[in-house]
Amino acid sequence: NLSSYVSAFKFGVDMGRESAKTDRDLSVFHLKVIPESGAFSYPEKIMNTLTGKEMNAEVSELKIMLFENADVLHSGLYNFIEVFKIIMSFLFIGITIYLPVLFIKIIRSVTKGNIIESKMISRISRMGWVIIIFFLLETIGGVINVVGAQEILAVENYRMVMDYSNYPFLILGVTTLLLSEILRVSLNLKEEQELTI
């Protein structure tokens with residue numbers, strides 16, 4: 001829901017300001033974790049407030065906010081990861097702006113009835129590649145997030161793992177490229193037909 005995103009954004013801005021005023025660096029990690037004893041081992045104990053009974057539970061995702069003194073020295077790998085994360089953030093911003101613009105142009109062409117034309121096919125192809133690039137950036141970002149987190153923290157009873165839940169973007173990108181190729185073949189057939197007539 002939108003209000004939760006707005007409050008999360010506001011909280012992030014406030015925490016960033018607090019970090020800038022102090023000598024502490026703020027790091028935020030979104031991590032997928034599994035218990036060291038294996039999935040579905042339920043190592044945590046939580047209380048069911050309705051029944052008053054204890055239940056077994058297990059954490060699968062963590063959002064960790066870590067404040068560190070600015071004078072803490074990190075490895076070269078960690079510093080490289082932090083710089084790379086900043087570069088990737090700009091790439092994500094570019095893609096999230098470009099993709100809707102491209103989609104709107106495609107929708108406009110479809111509403112005008114210009115489906116099988118080279119400009120439209122080129123846009124669909126570009127959209128497929130952009131979605132695949134988005135998938136790759138997400139995957140690389142996930143790897144970097146886990147490696148960076150492993151450099152500076154360890155979670156008791158849990159180990160950090162890669163999150164592979166973004167594969168639908170790869171499927172969508174490949175499907176979009178396949179659609180563009182089908183339309184390209186259709187355009188070629190149409191042009192050949194017009195030449196023979």
# chains A, B, ... in the order shown; residues from 1 in each chain; ligands from 1
call {"tool": "closest_atom_pairs", "arguments": {"of": "region 13-74 of chain A", "to": "region 154-167 of chain A", "cutoff": "9 Å", "atoms": "only C-alpha atoms", "output": "CSV"}}
result
residue,atom,partner,partner_atom,distance
A:Leu31,CA,A:Met160,CA,6.6
A:Lys32,CA,A:Val161,CA,5.7
A:Val33,CA,A:Met160,CA,4.5
A:Ile34,CA,A:Tyr158,CA,5.6
A:Pro35,CA,A:Tyr158,CA,4.3
A:Glu36,CA,A:Tyr158,CA,5.0
A:Ser37,CA,A:Asn157,CA,7.7
A:Gly38,CA,A:Tyr158,CA,9.0
A:Pro43,CA,A:Asn157,CA,7.8
A:Val59,CA,A:Tyr158,CA,8.5
call {"tool": "write_last_selection", "arguments": {"atoms": "N, CA and C atoms", "output": "compact mmCIF listing (two decimals), in the first residue's frame"}}
result
# COMPACT_ATOMS: atom_id res chain seq x y z
N LEU A 31 17.91 -8.76 3.45
CA LEU A 31 18.52 -10.08 3.31
C LEU A 31 17.50 -11.21 3.39
N LYS A 32 17.73 -12.22 2.58
CA LYS A 32 16.99 -13.47 2.70
C LYS A 32 17.88 -14.39 3.52
N VAL A 33 17.28 -15.02 4.54
CA VAL A 33 18.06 -15.88 5.44
C VAL A 33 17.36 -17.22 5.63
N ILE A 34 18.15 -18.25 5.95
CA ILE A 34 17.60 -19.52 6.36
C ILE A 34 18.31 -19.95 7.64
N PRO A 35 17.62 -20.70 8.49
CA PRO A 35 18.27 -21.14 9.73
C PRO A 35 19.49 -22.01 9.43
N GLU A 36 20.51 -21.90 10.27
CA GLU A 36 21.70 -22.74 10.12
C GLU A 36 21.34 -24.21 10.22
N SER A 37 20.28 -24.51 10.98
CA SER A 37 19.85 -25.90 11.14
C SER A 37 19.02 -26.38 9.95
N GLY A 38 18.77 -25.51 8.96
CA GLY A 38 18.03 -25.88 7.77
C GLY A 38 16.65 -25.26 7.75
N PRO A 43 13.65 -22.33 14.53
CA PRO A 43 14.50 -22.15 15.73
C PRO A 43 14.03 -21.07 16.70
N VAL A 59 12.50 -17.05 10.74
CA VAL A 59 12.60 -15.82 9.96
C VAL A 59 13.09 -16.19 8.57
call {"tool": "closest_residue", "arguments": {"among": "A:Leu62, A:Thr22, A:Leu187, A:Ile87", "to": "Asn114 (chain A)", "atoms": "only C-alpha atoms"}}
result
A:Leu187
call {"tool": "closest_residue", "arguments": {"among": "A:Ala8, A:Asn48, A:Lys85, A:Lys63", "to": "Gly142 (chain A)", "atoms": "only C-alpha atoms"}}
result
A:Lys85
call {"tool": "residues_around", "arguments": {"residues": "Ile182 (chain A)", "least_positions_apart": "5", "cutoff": "12 Å", "atoms": "only C-alpha atoms", "output": "VMD selection string"}}
result
chain A and resid 115 to 116 121 124 to 125 175 to 177 187 to 189
call {"tool": "write_last_selection", "arguments": {"atoms": "all heavy atoms", "output": "mmCIF file, in the first residue's frame"}}
result
data_model
loop_
_atom_site.group_PDB
_atom_site.id
_atom_site.type_symbol
_atom_site.label_atom_id
_atom_site.label_comp_id
_atom_site.auth_asym_id
_atom_site.auth_seq_id
_atom_site.Cartn_x
_atom_site.Cartn_y
_atom_site.Cartn_z
ATOM 1 N N ILE A 115 0.755 -1.592 -35.333
ATOM 2 C CA ILE A 115 1.372 -2.703 -34.599
ATOM 3 C C ILE A 115 2.538 -3.291 -35.384
ATOM 4 O O ILE A 115 3.615 -3.499 -34.848
ATOM 5 C CB ILE A 115 0.328 -3.795 -34.279
ATOM 6 C CG1 ILE A 115 -0.755 -3.202 -33.363
ATOM 7 C CG2 ILE A 115 0.966 -4.996 -33.609
ATOM 8 C CD1 ILE A 115 -1.904 -4.108 -33.103
ATOM 9 N N ILE A 116 2.316 -3.554 -36.664
ATOM 10 C CA ILE A 116 3.365 -4.204 -37.446
ATOM 11 C C ILE A 116 4.090 -3.153 -38.286
ATOM 12 O O ILE A 116 3.848 -2.998 -39.475
ATOM 13 C CB ILE A 116 2.784 -5.334 -38.326
ATOM 14 C CG1 ILE A 116 2.054 -6.342 -37.448
ATOM 15 C CG2 ILE A 116 3.882 -6.029 -39.111
ATOM 16 C CD1 ILE A 116 1.424 -7.483 -38.189
ATOM 17 N N ILE A 121 8.282 -2.430 -33.634
ATOM 18 C CA ILE A 121 9.009 -3.666 -33.360
ATOM 19 C C ILE A 121 10.325 -3.359 -32.638
ATOM 20 O O ILE A 121 10.709 -4.055 -31.706
ATOM 21 C CB ILE A 121 9.242 -4.461 -34.661
ATOM 22 C CG1 ILE A 121 7.895 -4.932 -35.214
ATOM 23 C CG2 ILE A 121 10.174 -5.638 -34.440
ATOM 24 C CD1 ILE A 121 7.940 -5.443 -36.638
ATOM 25 N N ILE A 124 9.551 -2.606 -28.994
ATOM 26 C CA ILE A 124 9.245 -3.829 -28.239
ATOM 27 C C ILE A 124 10.539 -4.590 -27.948
ATOM 28 O O ILE A 124 10.745 -5.092 -26.843
ATOM 29 C CB ILE A 124 8.221 -4.702 -28.991
ATOM 30 C CG1 ILE A 124 6.863 -3.996 -29.022
ATOM 31 C CG2 ILE A 124 8.086 -6.074 -28.345
ATOM 32 C CD1 ILE A 124 5.815 -4.659 -29.881
ATOM 33 N N SER A 125 11.419 -4.662 -28.943
ATOM 34 C CA SER A 125 12.705 -5.334 -28.757
ATOM 35 C C SER A 125 13.533 -4.632 -27.676
ATOM 36 O O SER A 125 14.107 -5.279 -26.797
ATOM 37 C CB SER A 125 13.470 -5.357 -30.080
ATOM 38 O OG SER A 125 14.711 -5.959 -29.919
ATOM 39 N N THR A 175 10.204 -13.295 -23.276
ATOM 40 C CA THR A 175 8.909 -13.347 -23.973
ATOM 41 C C THR A 175 8.711 -12.102 -24.837
ATOM 42 O O THR A 175 8.228 -12.193 -25.973
ATOM 43 C CB THR A 175 7.756 -13.476 -22.951
ATOM 44 O OG1 THR A 175 7.996 -14.616 -22.128
ATOM 45 C CG2 THR A 175 6.419 -13.619 -23.639
ATOM 46 N N THR A 176 9.097 -10.945 -24.319
ATOM 47 C CA THR A 176 8.976 -9.694 -25.078
ATOM 48 C C THR A 176 9.874 -9.717 -26.314
ATOM 49 O O THR A 176 9.457 -9.294 -27.404
ATOM 50 C CB THR A 176 9.318 -8.489 -24.175
ATOM 51 O OG1 THR A 176 8.513 -8.534 -23.003
ATOM 52 C CG2 THR A 176 9.081 -7.180 -24.889
ATOM 53 N N LEU A 177 11.099 -10.240 -26.171
ATOM 54 C CA LEU A 177 11.998 -10.362 -27.329
ATOM 55 C C LEU A 177 11.427 -11.339 -28.361
ATOM 56 O O LEU A 177 11.520 -11.093 -29.567
ATOM 57 C CB LEU A 177 13.380 -10.837 -26.880
ATOM 58 C CG LEU A 177 14.256 -9.807 -26.177
ATOM 59 C CD1 LEU A 177 15.548 -10.440 -25.709
ATOM 60 C CD2 LEU A 177 14.546 -8.621 -27.083
ATOM 61 N N LEU A 187 6.259 -8.651 -40.337
ATOM 62 C CA LEU A 187 6.517 -7.461 -41.155
ATOM 63 C C LEU A 187 7.229 -7.837 -42.448
ATOM 64 O O LEU A 187 6.877 -7.343 -43.529
ATOM 65 C CB LEU A 187 7.344 -6.449 -40.351
ATOM 66 C CG LEU A 187 7.728 -5.160 -41.087
ATOM 67 C CD1 LEU A 187 6.488 -4.357 -41.451
ATOM 68 C CD2 LEU A 187 8.684 -4.328 -40.247
ATOM 69 N N ASN A 188 8.223 -8.731 -42.345
ATOM 70 C CA ASN A 188 8.945 -9.175 -43.543
ATOM 71 C C ASN A 188 8.008 -9.876 -44.521
ATOM 72 O O ASN A 188 8.067 -9.647 -45.740
ATOM 73 C CB ASN A 188 10.096 -10.106 -43.170
ATOM 74 C CG ASN A 188 11.227 -9.360 -42.474
ATOM 75 O OD1 ASN A 188 11.324 -8.135 -42.561
ATOM 76 N ND2 ASN A 188 12.062 -10.089 -41.754
ATOM 77 N N LEU A 189 7.130 -10.742 -44.001
ATOM 78 C CA LEU A 189 6.164 -11.442 -44.857
ATOM 79 C C LEU A 189 5.210 -10.456 -45.515
ATOM 80 O O LEU A 189 4.880 -10.585 -46.695
ATOM 81 C CB LEU A 189 5.378 -12.477 -44.042
ATOM 82 C CG LEU A 189 6.143 -13.725 -43.601
ATOM 83 C CD1 LEU A 189 5.315 -14.553 -42.638
ATOM 84 C CD2 LEU A 189 6.547 -14.563 -44.810
#
call {"tool": "closest_residue", "arguments": {"among": "A:Ser41, A:Asn69, A:Ser75, A:Ser3", "to": "Gly148 (chain A)", "atoms": "only C-alpha atoms"}}
result
A:Ser75
